[in-house]
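Only one structure is covered here, and it is reproduced in the block below.
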Amino acid sequence: MSSSNTLGKYQIVREIARSNDIVYEAIDPTLGRRVALKELYLPPNLTGAQRRERIERFLREGKAAGRLAHPNIVTVYDVGQDGDRLYIAMEYLEGQTLREVLQVRGALPVKEAVDIAIQLCRALAYAHSNNIVHRDVKPENIQILPGGLVKLTDFGIARITTEPSITADGQVFGTPSYMSPEQVAGRDIDARSDIFSVGVVLYEMLAGCKPFTGDTVVTITYNIMNSEPPAPVGVSPYLVGIIRKAMAKDPDFRYQTADEMLADLQKPITDGVIVDTYTVPPAAGSTTFQPPTSAPTSNTGAVGQAMPDPFAQSGGVQYVPQIPDVMPRRPLISAETKMFIASLMIALGLTGMFIFAIWAVGQAYHAYTERAQTETARIYISQGDRLYSEGNTDGAIKQYNEAVRAGGSSQGGKEARRRLSDLYSRFAGEAFLSGDYARCAEYAKQAISYYDRSSAGHYYLGVSKLNLGDVRAAEDELKKALDVGGNDDFAKYARRDLSVLYIQRGDQALAANRTEDARKAYEAAVELGDPDYANTAQVKLSSLQNPSP
C-alpha cells in the first residue's frame with residue numbers, strides 16, 4: 001500500500017495540475033530522474049460501464065504514447081498500478097503550454113508560429129505512421145520548452161487505429177473549438193482530423209483568436225460545420241492557403257498526410273517561396289526585333305505641263321478695222337502660270353520626300369538602337385536567370401542591374417526592371433514571414449522603385465506599415481495594391497485587409513459614440529465588396545441605420 005507521498009516506486013514532490021486526472025512532479029529513485037506522474041482520478045459517482053471505460057481509456061493513453069519515441073512527443077517511461085491507483089510516468093517538461101504563451105503574448109510572429117506548426121506536423125506524421133490519431137490537438141496539449149522545442153502531450157483520447165474502438169457510435173470526444181467537422185458529427189475519423197486541428201491552432205497563433213467561436217458549444221460546432229473564418233490580417237497569402245487547405249470541411253480536400261502539410265510549411269522558410277513561383281522566360285534572349293519589310297510609300301500622280309503652241313501667233317493686240325462677231329476664249333491660267341505651279345509642286349514634292357527620308361532614317365535608327373539595347377539587356381537577363389536558378393541571388397541582381405543600365409528605356413530594360421521588382425517583392429515576403437517588418441518595408445520600396453505598378457510591392461509595404469503601427473501609410477499602400485493589381489491575388493489580399501481595417505475603424509468609432517465616423521467606415525468596407533467581409537460590414541451598417549428599440 002502506498003503512502004501519501006509515494007505512488008508505486010515514485011516519490012511525489014508536489015501536485016502540479018488537476019483536471020480529469022491529477023499530475024504530480026515526482027522522482028524515480030532508481031534513476032534519480034525527475035518525472036511527471038499522472039494518476040487516474042475516478043469520481044466516486046462513476047460506476048459500472050462508465051468506470052470501466054474510463055480505466056480502459058487511461059491505460060490506452062499510456063499504451064498509445066508509450067509506443068512513440070519522437071523528439072516532438074512527450075516520452076512515457078512507465079504505466080503501472082499501486083493498489084487501486086493507476087498511473088503513467090512520463091518525462092517532466094519545463095516551459096509553458098502554447099495556451100499560456102498565447103494568453104500572455106497574443107498573436108505570435110509568423111516565423112515562430114510556423115516553426116511551432118512544423119514541429120507539430122513532425123510529431124503527428126510520426127504518430128500517424130504508428131497508427132495513432134491524437135484527436136485532441138490544441139494549445140493546452142502543446143508544450144513549448146525553453147529553447148523552442150515543441151512537445152505534443154496528452155494522448156488521453158487518442159485512437160489506435162489497429163485496435164477496436166472503445167468509443168460508441170455517435171459519441172464525441174475532443175475540445176469543441178479544435179474539432180474537425182467529422183469529429184463534431186460523431187463520424188469515423190482518421191489522421192486528417194488531426195490536420196484540421198493543426199490548421200485551427202496555426203490560425204489562432206497567427207490571428208491571436210480562434211477561428212470558430214460562439215457563446216455556446218452548439219454555436220461553435222455550427223460554425224465549424226458551416227462557416228469559413230476570415231483570413232488573419234497581414235498574413236502571407238501563401239500561409240493563408242495552407243490554413244485554408246488544412247481546415248477544409250471535406251477531409252478529401254485537406255492535406256492527406258501531416259507530411260504534405262509539413263512540406264508546404266517548410267517552403268517559405270527553406271525555399272523562399274512566398275506567393276507565386278518565379279518564372280523565367282522559356283528562351284530568354286531569343287526574341288529578336290523584326291524590322292519593317294518595306295518603307296512607307298507616297299502615292300503621287302504625274303504633274304501635267306501645258307506647253308506653248310509653237311504655231312500660235314505672238315505679239316501685241318492687233319487693231320483691226322472690224323471686231324469679229326465672236327471673240328476667241330482666253331485660258332484661265334496662262335502657260336507661264338502653269339509652268340510656275342508645276343515647278344512649285346515638284347519642289348514641294350522633293351522637299352517632302354527629303355523630310356520623309358530624314359524621318360524614316362531617324363525611325364530606323366531608333367528601332368536599331370532599341371533592338372540593340374534590348375538584345376544586350378536580354379543577354380544580361382539570361383545570365384541573371386541562370387545565376388538565380390543556381391541559388392546565386394547576389395550575382396543575379398548584379399546581372400539584372402547591368403541589364404537595366406544597358407537596356408535603358410527599351411523593352412529589355414523594362415523586362416530587367418520587372419525581374420528586380422519581382423525579386424525584391426520576394427525578399428519583402430521573406431522578411432515579413434520572419435517578422436522583420438522594417439526590412440520588409442525597405443525591400444517593398446525597392447520593388448516599387450523598379451516597377452511602380454507592382455501590386456506585390458505595394459501590398460507588402462502596406463502590411464509591414466500596418467504591423468509597424470503606421471495605419472494611414474498602410475491604408476494608402478493597400479489602396480495602391482488594389483488599384484494597380486486589378487484582379488490579381490495581391491489586390492484580393494489588399495481588399496481583404498482594407499475591409500478588416502475599415503470594420504475595425506468603424507467598431508472603434510462606434511465605441512466612442514462617433515456614429516457618423518462609424519457609418520463612413522462601414523460604408524467603405526461595403527463598397528470594397530470583399531466576399532468575406534462585405535456582408536459583415538453591411539450588417540453593422542444596417543444596425544446603425546435601424547437601431548434596435
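By order of appearance in the C-alpha cells: chains A, B, ..., then residues from 1 within every chain, and ligands from 1 in the order shown.
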
Dump as CSV the rows for residues of segment 362-469 of chain A within 10 Å of segment 482-491 of chain A: closest atom pair and distance in Å with one decimal, only C-alpha atoms counted, ordered by chain and rising residue number.
residue,atom,partner,partner_atom,distance
A:Asp452,CA,A:Val484,CA,8.9
A:Arg453,CA,A:Val484,CA,5.5
A:Ser454,CA,A:Val484,CA,7.1
A:Ser455,CA,A:Gly485,CA,5.0
A:Ala456,CA,A:Phe490,CA,5.9
A:Gly457,CA,A:Phe490,CA,9.2
A:His458,CA,A:Leu482,CA,8.8
A:Tyr459,CA,A:Phe490,CA,6.4
A:Tyr460,CA,A:Phe490,CA,9.0

Pull N, CA and C atoms from the residues just selected and write them as a short mmCIF file (atom, residue, chain, number, x, y, z; two decimals), in the first residue's frame.
data_model
loop_
_atom_site.label_atom_id
_atom_site.label_comp_id
_atom_site.auth_asym_id
_atom_site.auth_seq_id
_atom_site.Cartn_x
_atom_site.Cartn_y
_atom_site.Cartn_z
N ASP A 452 6.68 50.69 -60.56
CA ASP A 452 5.76 51.36 -59.63
C ASP A 452 4.35 50.78 -59.65
N ARG A 453 4.09 49.83 -60.56
CA ARG A 453 2.78 49.18 -60.58
C ARG A 453 2.87 47.75 -60.03
N SER A 454 3.84 47.54 -59.16
CA SER A 454 3.98 46.22 -58.53
C SER A 454 2.95 46.07 -57.41
N SER A 455 1.93 45.25 -57.65
CA SER A 455 0.91 45.05 -56.61
C SER A 455 1.51 44.34 -55.40
N ALA A 456 2.47 43.44 -55.63
CA ALA A 456 3.12 42.75 -54.51
C ALA A 456 3.91 43.74 -53.66
N GLY A 457 4.65 44.64 -54.32
CA GLY A 457 5.42 45.63 -53.58
C GLY A 457 4.54 46.52 -52.73
N HIS A 458 3.46 47.04 -53.32
CA HIS A 458 2.56 47.91 -52.55
C HIS A 458 1.87 47.13 -51.42
N TYR A 459 1.53 45.85 -51.68
CA TYR A 459 0.87 45.07 -50.64
C TYR A 459 1.79 44.85 -49.45
N TYR A 460 3.02 44.40 -49.72
CA TYR A 460 3.94 44.13 -48.61
C TYR A 460 4.33 45.41 -47.88
#

Give me the residues near Leu461 of chain A as a tab-separated table (two decimals) with N, CA and C atoms, in the first residue's frame, where near means some atom within 9 Å (using only C-alpha atoms) and where sequence neighbours in that chain fewer than 2 positions away do not count.
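Final file, part-v5.tsv:
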chain	number	residue	atom	x	y	z
A	428	ALA	N	10.85	40.89	-49.68
A	428	ALA	CA	9.90	41.52	-48.75
A	428	ALA	C	9.03	40.45	-48.09
A	437	TYR	N	9.47	43.50	-39.95
A	437	TYR	CA	8.60	44.36	-40.76
A	437	TYR	C	9.33	45.58	-41.31
A	440	CYS	N	11.10	44.32	-44.30
A	440	CYS	CA	10.07	44.06	-45.31
A	440	CYS	C	9.70	45.35	-46.04
A	441	ALA	N	9.53	46.43	-45.28
A	441	ALA	CA	9.15	47.71	-45.88
A	441	ALA	C	10.24	48.22	-46.83
A	442	GLU	N	11.51	48.06	-46.44
A	442	GLU	CA	12.61	48.53	-47.30
A	442	GLU	C	12.66	47.75	-48.60
A	443	TYR	N	12.51	46.44	-48.52
A	443	TYR	CA	12.52	45.62	-49.74
A	443	TYR	C	11.32	45.97	-50.63
A	444	ALA	N	10.17	46.19	-50.00
A	444	ALA	CA	8.97	46.53	-50.79
A	444	ALA	C	9.16	47.86	-51.52
A	445	LYS	N	9.80	48.83	-50.86
A	445	LYS	CA	10.08	50.12	-51.51
A	445	LYS	C	10.99	49.94	-52.72
A	456	ALA	N	2.47	43.44	-55.63
A	456	ALA	CA	3.12	42.75	-54.51
A	456	ALA	C	3.91	43.74	-53.66
A	457	GLY	N	4.65	44.64	-54.32
A	457	GLY	CA	5.42	45.63	-53.58
A	457	GLY	C	4.54	46.52	-52.73
A	458	HIS	N	3.46	47.04	-53.32
A	458	HIS	CA	2.56	47.91	-52.55
A	458	HIS	C	1.87	47.13	-51.42
A	459	TYR	N	1.53	45.85	-51.68
A	459	TYR	CA	0.87	45.07	-50.64
A	459	TYR	C	1.79	44.85	-49.45
A	463	VAL	N	1.21	46.01	-45.55
A	463	VAL	CA	1.05	45.17	-44.36
A	463	VAL	C	2.22	45.36	-43.39
A	464	SER	N	3.41	45.70	-43.91
A	464	SER	CA	4.52	45.97	-42.98
A	464	SER	C	4.25	47.26	-42.21
A	465	LYS	N	3.74	48.29	-42.89
A	465	LYS	CA	3.38	49.53	-42.21
A	465	LYS	C	2.29	49.28	-41.15
A	466	LEU	N	1.35	48.39	-41.51
A	466	LEU	CA	0.27	48.07	-40.57
A	466	LEU	C	0.83	47.45	-39.30
A	473	ALA	N	-0.39	55.18	-43.54
A	473	ALA	CA	0.50	54.79	-44.64
A	473	ALA	C	0.11	53.40	-45.15
A	474	ALA	N	-0.25	52.51	-44.23
A	474	ALA	CA	-0.66	51.17	-44.63
A	474	ALA	C	-1.90	51.23	-45.52
A	477	GLU	N	-0.99	52.39	-49.09
A	477	GLU	CA	-0.31	51.37	-49.89
A	477	GLU	C	-1.25	50.24	-50.28
A	478	LEU	N	-2.13	49.83	-49.38
A	478	LEU	CA	-3.08	48.77	-49.72
A	478	LEU	C	-4.04	49.24	-50.81

>> Residues of segment 192-251 of chain A classed as alpha helix (DSSP H) by DSSP on the backbone are to be reported as a PyMOL selection string.
In response: chain A and resi 192-207+217-226+237-246

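Picture a line from atom CA of Ile73 of chain A to atom CA of Gln103 of chain A; it runs 22.9 Å.
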
> Skipping near chain neighbours, those fewer than 2 positions away, what residues fall within 12 Å of Thr536 of chain A using only C-alpha atoms, listed as a ChimeraX atom specification?
Replying inline: /A:229-230,499-500,502-504,506-507,522-523,525-526,529-534,538-543

>> Can you tell me which residues surround segment 46-55 of chain A at a distance of at most 12 Å, considering only C-alpha atoms, apart from same-chain residues fewer than 3 positions away, and format the answer as a PyMOL selection string?
In response: chain A and resi 20-21+39-43+58-62+81+84-87+156-157+165-168

>> To test your reading of the structure, identify every residue in segment 25-135 of chain A that backbone DSSP assigns to strand (DSSP E or B), and report it as an MDAnalysis selection string.
In response: chainID A and resid 25:28 33:40 73 76:82 85:91 96:97 132:133

Could the residues in this selection be saved with C-alpha atoms as a PDB file, in the first residue's frame?
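Here's the written file again.pdb:
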ATOM      1  CA  GLU A  25       6.119  16.229 -10.040  1.00  0.00           C
ATOM      2  CA  ALA A  26       7.912  13.121  -8.811  1.00  0.00           C
ATOM      3  CA  ILE A  27      11.296  11.422  -8.604  1.00  0.00           C
ATOM      4  CA  ASP A  28      12.209   7.983  -9.913  1.00  0.00           C
ATOM      5  CA  ARG A  33      15.176  11.115 -12.662  1.00  0.00           C
ATOM      6  CA  ARG A  34      12.501  13.766 -12.331  1.00  0.00           C
ATOM      7  CA  VAL A  35       9.224  12.668 -13.903  1.00  0.00           C
ATOM      8  CA  ALA A  36       5.660  13.863 -14.396  1.00  0.00           C
ATOM      9  CA  LEU A  37       3.387  11.332 -12.711  1.00  0.00           C
ATOM     10  CA  LYS A  38      -0.189  11.244 -13.963  1.00  0.00           C
ATOM     11  CA  GLU A  39      -2.715   9.496 -11.726  1.00  0.00           C
ATOM     12  CA  LEU A  40      -6.141   8.423 -12.919  1.00  0.00           C
ATOM     13  CA  ILE A  73       6.220  13.853 -28.450  1.00  0.00           C
ATOM     14  CA  VAL A  76       6.242   7.785 -21.499  1.00  0.00           C
ATOM     15  CA  TYR A  77       8.536   5.801 -19.190  1.00  0.00           C
ATOM     16  CA  ASP A  78       6.132   3.571 -17.329  1.00  0.00           C
ATOM     17  CA  VAL A  79       2.496   2.581 -16.845  1.00  0.00           C
ATOM     18  CA  GLY A  80       1.628   0.964 -13.526  1.00  0.00           C
ATOM     19  CA  GLN A  81      -0.784   0.310 -10.698  1.00  0.00           C
ATOM     20  CA  ASP A  82      -0.357   0.726  -6.960  1.00  0.00           C
ATOM     21  CA  ARG A  85      -4.372   3.685  -8.084  1.00  0.00           C
ATOM     22  CA  LEU A  86      -3.357   3.736 -11.770  1.00  0.00           C
ATOM     23  CA  TYR A  87      -0.565   5.990 -13.034  1.00  0.00           C
ATOM     24  CA  ILE A  88       1.549   6.901 -16.038  1.00  0.00           C
ATOM     25  CA  ALA A  89       5.130   8.123 -15.555  1.00  0.00           C
ATOM     26  CA  MET A  90       6.422  10.409 -18.299  1.00  0.00           C
ATOM     27  CA  GLU A  91       9.163  12.928 -18.910  1.00  0.00           C
ATOM     28  CA  GLN A  96       4.878  26.666 -20.886  1.00  0.00           C
ATOM     29  CA  THR A  97       1.938  25.326 -22.777  1.00  0.00           C
ATOM     30  CA  ILE A 132      -2.260   6.625 -33.688  1.00  0.00           C
ATOM     31  CA  VAL A 133      -4.681   9.559 -34.157  1.00  0.00           C
TER      32      VAL A 133
END

Within 12 Å of segment 236-243 of chain A: each segment 82-174 of chain A residue with its shortest pair, only C-alpha atoms, as a Markdown table:
| residue | atom | partner | partner_atom | distance |
| --- | --- | --- | --- | --- |
| A:Pro109 | CA | A:Ser236 | CA | 11.9 |
| A:Val110 | CA | A:Ser236 | CA | 8.9 |
| A:Lys111 | CA | A:Leu239 | CA | 10.9 |
| A:Ala113 | CA | A:Leu239 | CA | 10.7 |
| A:Val114 | CA | A:Leu239 | CA | 8.9 |
| A:Ala117 | CA | A:Ile243 | CA | 10.8 |

Same residues, C-alpha atoms, saved as a tab-separated table (two decimals), in the first residue's frame:
chain	number	residue	atom	x	y	z
A	109	PRO	CA	5.32	36.39	-35.09
A	110	VAL	CA	4.88	34.45	-38.32
A	111	LYS	CA	8.24	32.71	-38.15
A	113	ALA	CA	4.10	30.28	-35.37
A	114	VAL	CA	5.27	28.42	-38.47
A	117	ALA	CA	3.37	24.18	-36.62

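Of the residues listed (A:Glu228, A:Asp136, A:Glu475, A:Glu260), A:Asp136 shows the shortest atom-to-atom separation from Ser197 of chain A; distances use only C-alpha atoms.
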
> What separation in Å, quoted to one decimal, exists between atom CA of Phe196 of chain A and atom CA of Tyr126 of chain A?
Replying inline: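 So the two atoms, atom CA of Phe196 of chain A and atom CA of Tyr126 of chain A, lie 16.7 Å apart.
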
> In Å, with one decimal, what is the gap from atom CA of Lys249 of chain A to atom CA of Leu206 of chain A?
Replying inline: 20.3 Å

>> When you count only C-alpha atoms, which of these residues is closest to Ile116 of chain A: A:Gln266, A:Thr219, A:Ser389, A:Ser177?
In response: A:Gln266
